[in-house]
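One file, start15.cif, carrying mmCIF, C-alpha atoms and all ligand atoms; chains and numbers go by the auth columns:
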```cif
data_target
#
loop_
_atom_site.group_PDB
_atom_site.id
_atom_site.type_symbol
_atom_site.label_atom_id
_atom_site.label_comp_id
_atom_site.label_asym_id
_atom_site.label_seq_id
_atom_site.Cartn_x
_atom_site.Cartn_y
_atom_site.Cartn_z
_atom_site.B_iso_or_equiv
_atom_site.auth_seq_id
_atom_site.auth_asym_id
ATOM 1 C CA MET A 1 -5.929 -55.773 -57.746 0.00 1 A
ATOM 2 C CA LYS A 2 -9.487 -56.102 -59.030 0.00 2 A
ATOM 3 C CA ASN A 3 -10.497 -59.445 -60.472 0.00 3 A
ATOM 4 C CA ILE A 4 -10.752 -58.978 -64.255 0.00 4 A
ATOM 5 C CA GLU A 5 -12.671 -61.736 -65.964 0.00 5 A
ATOM 6 C CA ARG A 6 -10.819 -62.047 -69.267 0.00 6 A
ATOM 7 C CA ILE A 7 -7.150 -61.094 -69.513 0.00 7 A
ATOM 8 C CA PRO A 8 -5.663 -60.735 -73.008 0.00 8 A
ATOM 9 C CA THR A 9 -2.649 -62.963 -73.627 0.00 9 A
ATOM 10 C CA HIS A 10 -0.957 -60.317 -75.765 0.00 10 A
ATOM 11 C CA VAL A 11 -1.293 -56.547 -75.377 0.00 11 A
ATOM 12 C CA ALA A 12 0.413 -54.292 -77.943 0.00 12 A
ATOM 13 C CA ILE A 13 0.804 -50.562 -77.392 0.00 13 A
ATOM 14 C CA ILE A 14 1.506 -47.602 -79.660 0.00 14 A
ATOM 15 C CA MET A 15 3.020 -45.221 -77.125 0.00 15 A
ATOM 16 C CA ASP A 16 1.936 -41.843 -78.484 0.00 16 A
ATOM 17 C CA GLY A 17 1.810 -38.304 -77.132 0.00 17 A
ATOM 18 C CA ASN A 18 5.180 -37.789 -75.433 0.00 18 A
ATOM 19 C CA GLY A 19 5.851 -34.581 -77.342 0.00 19 A
ATOM 20 C CA ARG A 20 2.377 -33.110 -76.751 0.00 20 A
ATOM 21 C CA TRP A 21 2.556 -34.009 -73.054 0.00 21 A
ATOM 22 C CA ALA A 22 5.874 -32.177 -72.748 0.00 22 A
ATOM 23 C CA LYS A 23 4.687 -29.142 -74.719 0.00 23 A
ATOM 24 C CA ALA A 24 1.528 -28.846 -72.607 0.00 24 A
ATOM 25 C CA GLN A 25 3.771 -28.562 -69.539 0.00 25 A
ATOM 26 C CA GLY A 26 6.193 -26.097 -71.114 0.00 26 A
ATOM 27 C CA LYS A 27 8.903 -28.770 -71.259 0.00 27 A
ATOM 28 C CA GLU A 28 11.231 -30.040 -73.976 0.00 28 A
ATOM 29 C CA ARG A 29 9.971 -32.995 -76.063 0.00 29 A
ATOM 30 C CA TYR A 30 12.789 -35.081 -74.633 0.00 30 A
ATOM 31 C CA GLU A 31 11.295 -34.786 -71.149 0.00 31 A
ATOM 32 C CA GLY A 32 8.140 -36.406 -72.498 0.00 32 A
ATOM 33 C CA HIS A 33 10.218 -39.384 -73.635 0.00 33 A
ATOM 34 C CA ILE A 34 11.867 -39.613 -70.200 0.00 34 A
ATOM 35 C CA GLU A 35 8.490 -39.686 -68.459 0.00 35 A
ATOM 36 C CA GLY A 36 7.437 -42.192 -71.148 0.00 36 A
ATOM 37 C CA VAL A 37 10.097 -44.600 -69.890 0.00 37 A
ATOM 38 C CA ASP A 38 8.418 -44.481 -66.476 0.00 38 A
ATOM 39 C CA SER A 39 5.133 -45.431 -68.153 0.00 39 A
ATOM 40 C CA VAL A 40 6.923 -48.373 -69.798 0.00 40 A
ATOM 41 C CA ARG A 41 8.073 -49.507 -66.343 0.00 41 A
ATOM 42 C CA GLU A 42 4.561 -49.124 -64.916 0.00 42 A
ATOM 43 C CA CYS A 43 2.924 -51.067 -67.745 0.00 43 A
ATOM 44 C CA ILE A 44 5.420 -53.915 -67.363 0.00 44 A
ATOM 45 C CA LYS A 45 4.533 -54.097 -63.657 0.00 45 A
ATOM 46 C CA ALA A 46 0.804 -54.066 -64.421 0.00 46 A
ATOM 47 C CA ALA A 47 1.224 -56.707 -67.133 0.00 47 A
ATOM 48 C CA LEU A 48 3.112 -58.936 -64.687 0.00 48 A
ATOM 49 C CA SER A 49 0.571 -58.520 -61.906 0.00 49 A
ATOM 50 C CA SER A 50 -2.435 -59.098 -64.153 0.00 50 A
ATOM 51 C CA GLY A 51 -1.124 -62.168 -65.981 0.00 51 A
ATOM 52 C CA VAL A 52 -0.631 -60.692 -69.473 0.00 52 A
ATOM 53 C CA ARG A 53 1.961 -62.950 -71.138 0.00 53 A
ATOM 54 C CA TYR A 54 3.137 -60.765 -74.057 0.00 54 A
ATOM 55 C CA LEU A 55 3.528 -57.008 -74.082 0.00 55 A
ATOM 56 C CA THR A 56 4.612 -55.375 -77.344 0.00 56 A
ATOM 57 C CA LEU A 57 5.685 -51.724 -77.349 0.00 57 A
ATOM 58 C CA TYR A 58 6.154 -49.609 -80.477 0.00 58 A
ATOM 59 C CA ALA A 59 9.300 -47.832 -79.333 0.00 59 A
ATOM 60 C CA PHE A 60 10.763 -46.564 -82.619 0.00 60 A
ATOM 61 C CA SER A 61 9.106 -46.752 -86.009 0.00 61 A
ATOM 62 C CA THR A 62 10.996 -46.761 -89.277 0.00 62 A
ATOM 63 C CA GLU A 63 9.332 -43.395 -89.952 0.00 63 A
ATOM 64 C CA ASN A 64 10.868 -41.999 -86.729 0.00 64 A
ATOM 65 C CA TRP A 65 14.265 -41.796 -88.496 0.00 65 A
ATOM 66 C CA GLY A 66 12.768 -38.740 -90.206 0.00 66 A
ATOM 67 C CA ARG A 67 12.715 -36.736 -86.950 0.00 67 A
ATOM 68 C CA PRO A 68 15.396 -34.093 -86.280 0.00 68 A
ATOM 69 C CA ILE A 69 18.758 -35.763 -85.663 0.00 69 A
ATOM 70 C CA GLU A 70 18.927 -34.332 -82.111 0.00 70 A
ATOM 71 C CA GLU A 71 15.688 -36.099 -81.185 0.00 71 A
ATOM 72 C CA VAL A 72 16.728 -39.386 -82.823 0.00 72 A
ATOM 73 C CA ASP A 73 20.074 -39.265 -80.980 0.00 73 A
ATOM 74 C CA ALA A 74 18.337 -38.437 -77.690 0.00 74 A
ATOM 75 C CA LEU A 75 15.943 -41.378 -78.140 0.00 75 A
ATOM 76 C CA MET A 76 18.829 -43.759 -78.908 0.00 76 A
ATOM 77 C CA GLU A 77 20.659 -42.536 -75.811 0.00 77 A
ATOM 78 C CA LEU A 78 17.532 -43.039 -73.729 0.00 78 A
ATOM 79 C CA PHE A 79 17.103 -46.601 -75.065 0.00 79 A
ATOM 80 C CA CYS A 80 20.708 -47.446 -74.165 0.00 80 A
ATOM 81 C CA LYS A 81 20.426 -45.919 -70.675 0.00 81 A
ATOM 82 C CA SER A 82 17.085 -47.644 -70.019 0.00 82 A
ATOM 83 C CA VAL A 83 18.400 -51.000 -71.194 0.00 83 A
ATOM 84 C CA ILE A 84 21.399 -50.748 -68.843 0.00 84 A
ATOM 85 C CA ALA A 85 19.285 -49.547 -65.905 0.00 85 A
ATOM 86 C CA GLU A 86 16.395 -51.990 -66.291 0.00 86 A
ATOM 87 C CA THR A 87 18.117 -55.254 -67.238 0.00 87 A
ATOM 88 C CA PRO A 88 18.675 -56.496 -63.633 0.00 88 A
ATOM 89 C CA GLU A 89 15.054 -55.910 -62.549 0.00 89 A
ATOM 90 C CA LEU A 90 13.611 -57.380 -65.748 0.00 90 A
ATOM 91 C CA THR A 91 15.794 -60.464 -65.315 0.00 91 A
ATOM 92 C CA LYS A 92 14.726 -60.782 -61.682 0.00 92 A
ATOM 93 C CA GLN A 93 11.048 -60.472 -62.584 0.00 93 A
ATOM 94 C CA GLY A 94 11.221 -63.175 -65.261 0.00 94 A
ATOM 95 C CA VAL A 95 10.726 -60.814 -68.206 0.00 95 A
ATOM 96 C CA LYS A 96 12.169 -61.972 -71.503 0.00 96 A
ATOM 97 C CA VAL A 97 12.974 -59.105 -73.867 0.00 97 A
ATOM 98 C CA VAL A 98 12.905 -59.625 -77.632 0.00 98 A
ATOM 99 C CA MET A 99 13.276 -57.097 -80.430 0.00 99 A
ATOM 100 C CA ILE A 100 11.353 -56.947 -83.666 0.00 100 A
ATOM 101 C CA GLY A 101 12.443 -54.719 -86.532 0.00 101 A
ATOM 102 C CA ARG A 102 15.558 -54.001 -88.554 0.00 102 A
ATOM 103 C CA ARG A 103 18.855 -53.924 -86.776 0.00 103 A
ATOM 104 C CA ASP A 104 21.260 -52.910 -89.495 0.00 104 A
ATOM 105 C CA ARG A 105 20.676 -49.148 -89.237 0.00 105 A
ATOM 106 C CA PHE A 106 21.504 -48.793 -85.541 0.00 106 A
ATOM 107 C CA SER A 107 24.948 -47.785 -84.347 0.00 107 A
ATOM 108 C CA GLU A 108 27.191 -50.566 -83.064 0.00 108 A
ATOM 109 C CA ARG A 109 26.627 -49.286 -79.515 0.00 109 A
ATOM 110 C CA VAL A 110 22.818 -49.438 -79.724 0.00 110 A
ATOM 111 C CA ARG A 111 22.965 -52.840 -81.439 0.00 111 A
ATOM 112 C CA SER A 112 25.165 -54.288 -78.730 0.00 112 A
ATOM 113 C CA HIS A 113 22.889 -52.986 -75.931 0.00 113 A
ATOM 114 C CA LEU A 114 19.842 -54.472 -77.616 0.00 114 A
ATOM 115 C CA GLN A 115 21.649 -57.777 -78.036 0.00 115 A
ATOM 116 C CA SER A 116 22.857 -57.816 -74.447 0.00 116 A
ATOM 117 C CA ILE A 117 19.375 -57.284 -72.952 0.00 117 A
ATOM 118 C CA GLU A 118 17.996 -60.082 -75.152 0.00 118 A
ATOM 119 C CA GLN A 119 20.762 -62.420 -74.014 0.00 119 A
ATOM 120 C CA ALA A 120 20.547 -61.465 -70.330 0.00 120 A
ATOM 121 C CA THR A 121 16.780 -62.015 -70.165 0.00 121 A
ATOM 122 C CA ALA A 122 16.508 -65.026 -72.493 0.00 122 A
ATOM 123 C CA SER A 123 15.333 -67.420 -69.767 0.00 123 A
ATOM 124 C CA GLY A 124 12.481 -65.176 -68.530 0.00 124 A
ATOM 125 C CA ASN A 125 9.190 -67.053 -68.578 0.00 125 A
ATOM 126 C CA ARG A 126 6.588 -64.814 -66.916 0.00 126 A
ATOM 127 C CA LEU A 127 6.253 -62.099 -69.539 0.00 127 A
ATOM 128 C CA THR A 128 7.697 -61.595 -73.015 0.00 128 A
ATOM 129 C CA LEU A 129 8.380 -57.921 -73.640 0.00 129 A
ATOM 130 C CA VAL A 130 8.533 -57.343 -77.383 0.00 130 A
ATOM 131 C CA LEU A 131 10.205 -54.069 -78.321 0.00 131 A
ATOM 132 C CA ALA A 132 9.472 -52.861 -81.836 0.00 132 A
ATOM 133 C CA PHE A 133 12.577 -50.889 -82.819 0.00 133 A
ATOM 134 C CA ASP A 134 13.082 -49.555 -86.342 0.00 134 A
ATOM 135 C CA TYR A 135 9.898 -51.454 -87.067 0.00 135 A
ATOM 136 C CA SER A 136 7.650 -51.084 -90.106 0.00 136 A
ATOM 137 C CA SER A 137 4.900 -53.586 -90.719 0.00 137 A
ATOM 138 C CA ARG A 138 4.935 -53.120 -94.497 0.00 138 A
ATOM 139 C CA GLU A 139 8.674 -53.667 -94.552 0.00 139 A
ATOM 140 C CA GLU A 140 8.243 -56.771 -92.384 0.00 140 A
ATOM 141 C CA ILE A 141 5.686 -58.181 -94.833 0.00 141 A
ATOM 142 C CA THR A 142 7.820 -57.256 -97.852 0.00 142 A
ATOM 143 C CA THR A 143 10.846 -59.017 -96.334 0.00 143 A
ATOM 144 C CA ALA A 144 8.694 -62.074 -95.595 0.00 144 A
ATOM 145 C CA VAL A 145 7.456 -62.183 -99.205 0.00 145 A
ATOM 146 C CA GLN A 146 11.053 -62.001 -100.451 0.00 146 A
ATOM 147 C CA ALA A 147 12.118 -64.841 -98.137 0.00 147 A
ATOM 148 C CA ILE A 148 9.224 -67.023 -99.324 0.00 148 A
ATOM 149 C CA ALA A 149 9.988 -66.217 -102.979 0.00 149 A
ATOM 150 C CA HIS A 150 13.602 -67.343 -102.409 0.00 150 A
ATOM 151 C CA ARG A 151 12.359 -70.622 -100.937 0.00 151 A
ATOM 152 C CA VAL A 152 10.118 -71.160 -103.952 0.00 152 A
ATOM 153 C CA ALA A 153 12.985 -70.361 -106.340 0.00 153 A
ATOM 154 C CA ALA A 154 15.205 -72.847 -104.476 0.00 154 A
ATOM 155 C CA GLY A 155 12.545 -75.548 -104.862 0.00 155 A
ATOM 156 C CA GLU A 156 11.969 -75.818 -101.089 0.00 156 A
ATOM 157 C CA ILE A 157 8.240 -75.137 -101.309 0.00 157 A
ATOM 158 C CA ALA A 158 5.639 -75.023 -104.063 0.00 158 A
ATOM 159 C CA VAL A 159 3.624 -71.872 -104.759 0.00 159 A
ATOM 160 C CA GLU A 160 0.415 -73.823 -103.971 0.00 160 A
ATOM 161 C CA ASP A 161 1.764 -74.653 -100.512 0.00 161 A
ATOM 162 C CA ILE A 162 2.038 -71.006 -99.471 0.00 162 A
ATOM 163 C CA CYS A 163 -0.651 -70.442 -96.852 0.00 163 A
ATOM 164 C CA GLU A 164 -1.306 -68.007 -94.005 0.00 164 A
ATOM 165 C CA THR A 165 0.984 -70.010 -91.715 0.00 165 A
ATOM 166 C CA THR A 166 3.851 -69.740 -94.232 0.00 166 A
ATOM 167 C CA ILE A 167 3.505 -65.967 -94.107 0.00 167 A
ATOM 168 C CA ALA A 168 3.013 -65.727 -90.329 0.00 168 A
ATOM 169 C CA GLN A 169 6.119 -67.845 -89.801 0.00 169 A
ATOM 170 C CA SER A 170 8.178 -65.587 -92.033 0.00 170 A
ATOM 171 C CA LEU A 171 7.434 -62.440 -90.025 0.00 171 A
ATOM 172 C CA TYR A 172 9.557 -61.076 -87.142 0.00 172 A
ATOM 173 C CA THR A 173 6.744 -62.249 -84.879 0.00 173 A
ATOM 174 C CA ALA A 174 6.914 -65.930 -85.919 0.00 174 A
ATOM 175 C CA ALA A 175 7.299 -67.068 -82.302 0.00 175 A
ATOM 176 C CA ILE A 176 4.769 -64.619 -80.845 0.00 176 A
ATOM 177 C CA PRO A 177 0.973 -65.050 -80.802 0.00 177 A
ATOM 178 C CA ASP A 178 -1.104 -62.338 -82.504 0.00 178 A
ATOM 179 C CA PRO A 179 -2.071 -59.411 -80.267 0.00 179 A
ATOM 180 C CA ASP A 180 -5.504 -59.684 -78.664 0.00 180 A
ATOM 181 C CA PHE A 181 -5.606 -56.038 -77.720 0.00 181 A
ATOM 182 C CA ILE A 182 -3.978 -52.975 -79.298 0.00 182 A
ATOM 183 C CA ILE A 183 -3.872 -49.700 -77.394 0.00 183 A
ATOM 184 C CA ARG A 184 -2.827 -46.364 -78.873 0.00 184 A
ATOM 185 C CA THR A 185 -2.607 -43.473 -76.458 0.00 185 A
ATOM 186 C CA SER A 186 -3.177 -39.756 -77.172 0.00 186 A
ATOM 187 C CA GLY A 187 -6.525 -40.194 -78.923 0.00 187 A
ATOM 188 C CA GLU A 188 -5.092 -40.893 -82.401 0.00 188 A
ATOM 189 C CA CYS A 189 -7.056 -43.705 -84.087 0.00 189 A
ATOM 190 C CA ARG A 190 -4.526 -45.168 -86.527 0.00 190 A
ATOM 191 C CA LEU A 191 -2.258 -48.208 -86.659 0.00 191 A
ATOM 192 C CA SER A 192 0.584 -46.283 -88.352 0.00 192 A
ATOM 193 C CA ASN A 193 2.335 -49.290 -89.882 0.00 193 A
ATOM 194 C CA PHE A 194 2.206 -51.375 -86.676 0.00 194 A
ATOM 195 C CA LEU A 195 1.480 -55.137 -86.763 0.00 195 A
ATOM 196 C CA LEU A 196 -0.825 -54.861 -89.797 0.00 196 A
ATOM 197 C CA TRP A 197 -0.921 -58.611 -90.488 0.00 197 A
ATOM 198 C CA GLN A 198 -0.999 -59.614 -86.824 0.00 198 A
ATOM 199 C CA ALA A 199 -3.782 -57.144 -85.902 0.00 199 A
ATOM 200 C CA SER A 200 -6.446 -58.938 -87.989 0.00 200 A
ATOM 201 C CA TYR A 201 -8.659 -59.890 -85.029 0.00 201 A
ATOM 202 C CA ALA A 202 -7.314 -57.590 -82.324 0.00 202 A
ATOM 203 C CA GLU A 203 -9.599 -55.416 -80.248 0.00 203 A
ATOM 204 C CA MET A 204 -8.527 -51.763 -80.428 0.00 204 A
ATOM 205 C CA TYR A 205 -8.623 -49.064 -77.795 0.00 205 A
ATOM 206 C CA PHE A 206 -7.718 -45.385 -78.233 0.00 206 A
ATOM 207 C CA PRO A 207 -7.711 -43.595 -74.869 0.00 207 A
ATOM 208 C CA GLU A 208 -7.235 -39.810 -74.949 0.00 208 A
ATOM 209 C CA VAL A 209 -4.476 -39.906 -72.336 0.00 209 A
ATOM 210 C CA MET A 210 -0.913 -39.088 -73.453 0.00 210 A
ATOM 211 C CA TRP A 211 1.656 -41.858 -73.035 0.00 211 A
ATOM 212 C CA PRO A 212 3.527 -40.210 -70.092 0.00 212 A
ATOM 213 C CA ASP A 213 0.233 -40.279 -68.156 0.00 213 A
ATOM 214 C CA PHE A 214 -0.495 -43.926 -68.978 0.00 214 A
ATOM 215 C CA LYS A 215 0.498 -45.685 -65.742 0.00 215 A
ATOM 216 C CA GLN A 216 -0.553 -48.904 -63.957 0.00 216 A
ATOM 217 C CA GLU A 217 -4.023 -47.551 -63.238 0.00 217 A
ATOM 218 C CA GLN A 218 -4.652 -46.719 -66.903 0.00 218 A
ATOM 219 C CA PHE A 219 -3.289 -50.099 -68.005 0.00 219 A
ATOM 220 C CA ILE A 220 -5.709 -51.906 -65.666 0.00 220 A
ATOM 221 C CA GLU A 221 -8.567 -49.669 -66.882 0.00 221 A
ATOM 222 C CA ALA A 222 -7.706 -50.703 -70.441 0.00 222 A
ATOM 223 C CA LEU A 223 -7.836 -54.383 -69.428 0.00 223 A
ATOM 224 C CA GLU A 224 -11.323 -53.752 -68.072 0.00 224 A
ATOM 225 C CA VAL A 225 -12.343 -52.270 -71.431 0.00 225 A
ATOM 226 C CA TYR A 226 -10.982 -55.394 -73.149 0.00 226 A
ATOM 227 C CA ALA A 227 -12.863 -57.691 -70.750 0.00 227 A
ATOM 228 C CA SER A 228 -16.106 -55.916 -71.622 0.00 228 A
ATOM 229 C CA ARG A 229 -15.706 -56.515 -75.366 0.00 229 A
ATOM 230 C CA GLU A 230 -17.152 -59.519 -77.121 0.00 230 A
ATOM 231 C CA ARG A 231 -14.894 -61.123 -79.743 0.00 231 A
ATOM 232 C CA ARG A 232 -16.643 -63.074 -82.468 0.00 232 A
ATOM 233 C CA TYR A 233 -13.932 -63.546 -85.139 0.00 233 A
ATOM 234 C CA GLY A 234 -16.532 -63.000 -87.889 0.00 234 A
ATOM 235 C CA LYS A 235 -18.879 -65.609 -86.464 0.00 235 A
ATOM 236 C CA LEU A 236 -22.261 -65.008 -84.807 0.00 236 A
HETATM 237 C C1 LIG B . 5.675 -41.121 -79.397 0.00 301 A
HETATM 238 O O1 LIG B . 5.445 -39.841 -78.883 0.00 301 A
HETATM 239 C C2 LIG B . 6.792 -41.784 -78.750 0.00 301 A
HETATM 240 C C3 LIG B . 7.983 -42.153 -79.339 0.00 301 A
HETATM 241 C C4 LIG B . 8.317 -41.915 -80.750 0.00 301 A
HETATM 242 C C5 LIG B . 9.039 -42.804 -78.596 0.00 301 A
HETATM 243 C C6 LIG B . 8.597 -43.769 -77.549 0.00 301 A
HETATM 244 C C7 LIG B . 9.714 -43.981 -76.679 0.00 301 A
HETATM 245 C C8 LIG B . 9.667 -44.070 -75.329 0.00 301 A
HETATM 246 C C9 LIG B . 8.466 -44.006 -74.510 0.00 301 A
HETATM 247 C C10 LIG B . 10.953 -44.206 -74.680 0.00 301 A
HETATM 248 C C11 LIG B . 11.361 -45.451 -74.069 0.00 301 A
HETATM 249 C C12 LIG B . 11.075 -46.754 -74.575 0.00 301 A
HETATM 250 C C13 LIG B . 11.751 -47.854 -74.177 0.00 301 A
HETATM 251 C C14 LIG B . 11.238 -49.160 -74.600 0.00 301 A
HETATM 252 C C15 LIG B . 12.938 -47.806 -73.302 0.00 301 A
HETATM 253 P P1 LIG B . 5.637 -38.600 -79.857 0.00 301 A
HETATM 254 O O2 LIG B . 7.025 -38.106 -79.717 0.00 301 A
HETATM 255 O O3 LIG B . 5.271 -39.008 -81.249 0.00 301 A
HETATM 256 O O4 LIG B . 4.605 -37.601 -79.288 0.00 301 A
HETATM 257 P P2 LIG B . 3.760 -36.519 -80.100 0.00 301 A
HETATM 258 O O5 LIG B . 2.887 -37.264 -81.076 0.00 301 A
HETATM 259 O O6 LIG B . 2.964 -35.840 -79.029 0.00 301 A
HETATM 260 O O7 LIG B . 4.737 -35.618 -80.771 0.00 301 A
#
```
This entry written out as C-alpha cells:
Amino acid sequence: MKNIERIPTHVAIIMDGNGRWAKAQGKERYEGHIEGVDSVRECIKAALSSGVRYLTLYAFSTENWGRPIEEVDALMELFCKSVIAETPELTKQGVKVVMIGRRDRFSERVRSHLQSIEQATASGNRLTLVLAFDYSSREEITTAVQAIAHRVAAGEIAVEDICETTIAQSLYTAAIPDPDFIIRTSGECRLSNFLLWQASYAEMYFPEVMWPDFKQEQFIEALEVYASRERRYGKL
C-alpha cells in the first residue's frame, strides 16, 4: 500500500447509489444493496490496512422506513444475513462493532442479531465499526436535549453548567471521536441528517462513484484526498 502522510482517525460514509447502480445495469434495486455489502467488506479491509481507527457507515436512516415495505424487509434480511456471515471474520480481525440509532422499531430478530454482533466483537481493538441503523441526527440531538433537561429538573446539573461536552456526551456517539472525514458516494452533496453535530470540523468528499463501485481502491483514493486537505479549525 502507498504511504499516505495523514490518515484520518475517523472516517464516516454515507453509502449512496445502490439503487441507481442496479438500475444502470438492468438489475433489481436489491442487487445494488447486495453488491453494497461487498463494498462494506472492502472498506473495512482498507480501513484496517491503512490504520483508520473508526469507520462509521450510514446503513439505514430513519427516513428509510418510508421506502416500500418489500425493500425495507429485504434490507433487514440482508443486515441479518451479513451480521451472521461476517461476525467470525470481524472478530478475528479485531473489529469492534457498535450501533448508533434507535433500536425500538426493529423486529425482535433484527434486534437480537445486532446485539449479538456487538457482544461477539466487544473486545476488538484495531477498528471500531460504527453502524448507523435507524439513525437520525436531529432525533439524536432532540433525545440528548430531553435527557439533559431531565437532569436539570432532577437537580443533577445547573443550566449554566450545560456546555458542548454535556451535549456531546449525551449523544449516541459519546464514546466515539468526531469524524475527521465524511464521504458520500454517488455525487450527492448533502449530509441528509447524518452526524450533524459531530460533523462540525469534518472534511467532506463527494465522489461521483456509486456505492457498489466504491471498493478498496476508491477508499484509498479518498484517503489521499483527505491527506491533501489542510484543516485549520477556523484558525489561520
Ligand atoms: C443507499 O442507496 C443505500 C442504502 C439505503 C442502504 C445501504 C445498505 C447497504 C450497503 C447494505 C449493507 C450494510 C451493512 C452494514 C451490512 P440507495 O438505495 O439510496 O440508492 P439510490 O439513491 O441510487 O436509490
Problem - Option closest in space to Val72 of chain A, from A:His33, A:Arg229, A:Lys23, A:Lys235 [counting all atoms listed in the file] - result: A:His33
Exercise for the section: Identify all residues satisfying the PyMOL selection byres (((not hetatm)) within 6 of (chain A and resi 301)) in the given file; provide them as a list in words. Expected result: Met15, Asp16, Gly17, Asn18, Gly19, Arg20, His33, Gly36, Val37, Ala59, Phe60, Phe79 and Ser82 of chain A
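For the residues A:Val40, A:Val52, A:Ile117, A:Ala85, ranking by smallest atom-to-atom distance to Arg6 of chain A using only C-alpha atoms places A:Val52 first.
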Exercise for the section: Using atom CA of Phe214 of chain A and atom CA of Glu5 of chain A as the two end points, give the distance in Å to one decimal. Expected result: 21.8 Å
Exercise for the section: With a distance cut-off of 9 Å and all atoms listed in the file, select the neighbouring residues of Glu71 of chain A, excluding the residue or stretch itself and same-chain residues fewer than 5 positions from it, and output the selection as number ranges by chain. Expected result: A: 29-30, 76
Evaluate the PyMOL selection byres (((chain A and resi 166-168) around 9) and not hetatm) and record the selected residues as a PDB file with C-alpha atoms, in the coordinates of the input, following the chain and residue labels used in the document.
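Contents of part-v9.pdb, as written:
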```pdb
ATOM      1  CA  ILE A 141       5.686 -58.181 -94.833  1.00  0.00           C
ATOM      2  CA  ALA A 144       8.694 -62.074 -95.595  1.00  0.00           C
ATOM      3  CA  VAL A 145       7.456 -62.183 -99.205  1.00  0.00           C
ATOM      4  CA  ILE A 148       9.224 -67.023 -99.324  1.00  0.00           C
ATOM      5  CA  ASP A 161       1.764 -74.653-100.512  1.00  0.00           C
ATOM      6  CA  ILE A 162       2.038 -71.006 -99.471  1.00  0.00           C
ATOM      7  CA  CYS A 163      -0.651 -70.442 -96.852  1.00  0.00           C
ATOM      8  CA  GLU A 164      -1.306 -68.007 -94.005  1.00  0.00           C
ATOM      9  CA  THR A 165       0.984 -70.010 -91.715  1.00  0.00           C
ATOM     10  CA  GLN A 169       6.119 -67.845 -89.801  1.00  0.00           C
ATOM     11  CA  SER A 170       8.178 -65.587 -92.033  1.00  0.00           C
ATOM     12  CA  LEU A 171       7.434 -62.440 -90.025  1.00  0.00           C
ATOM     13  CA  TYR A 172       9.557 -61.076 -87.142  1.00  0.00           C
ATOM     14  CA  THR A 173       6.744 -62.249 -84.879  1.00  0.00           C
ATOM     15  CA  ALA A 174       6.914 -65.930 -85.919  1.00  0.00           C
ATOM     16  CA  TRP A 197      -0.921 -58.611 -90.488  1.00  0.00           C
ATOM     17  CA  GLN A 198      -0.999 -59.614 -86.824  1.00  0.00           C
TER      18      GLN A 198
END
```
Exercise for the section: I would like the residues chosen by the PyMOL selection byres (((chain A and resi 99) around 12) and not hetatm) on the shown file; could you give them as a PyMOL selection string? Expected result: chain A and resi 55-60+96-98+100-103+111+113-119+121-122+128-135+172-173+175-176
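Nearest residue to Glu89 of chain A, choosing from A:Glu230, A:Thr185, A:His150, A:Lys45 and counting only C-alpha atoms: A:Lys45.
Counting from atom CA of Lys81 of chain A, the distance to atom CA of Pro212 of chain A is 17.8 Å.
Between atom CA of Thr87 of chain A and atom CA of Gly32 of chain A lies a distance of 22.0 Å.
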Problem - Nearest candidate to Ile183 of chain A (options A:Ala227, A:Ala222, A:Ala158, A:Ala24; using only C-alpha atoms) - result: A:Ala222
So for segment 181-192 of chain A, what box centre and size do we get, axis-aligned, 6 Å extra on each of the six sides, every listed atom, Å to one decimal, as AutoDock Vina command-line options?
```
--center_x -3.2 --center_y -47.9 --center_z -82.4 --size_x 19.6 --size_y 28.3 --size_z 23.9
```
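Remark: residues at most 7 Å from position (-11.0, -57.8, -72.8) in file coordinates are A:Arg6, A:Ile7, A:Pro8, A:Leu223, A:Glu224, A:Val225, A:Tyr226, A:Ala227, A:Ser228, A:Arg229, using all atoms listed in the file.
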Exercise for the section: Identify, on the basis of only C-alpha atoms, every residue whose closest approach to Asp180 of chain A does not exceed 8 Å; exclude the query and any residue fewer than 2 positions from it along the same chain; express the result as a ChimeraX atom specification. Expected result: /A:8-11,178,182,199,201-203
Problem - Among the residues A:Ala12, A:Ile4, A:Val110, A:Ile84, the one that comes closest to Tyr205 of chain A [using all atoms listed in the file] - result: A:Ala12
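If only C-alpha atoms are the atoms counted, then among A:Asp213, A:Asp104, A:Glu31, A:Glu139 the closest residue to Glu63 of chain A is A:Glu139.
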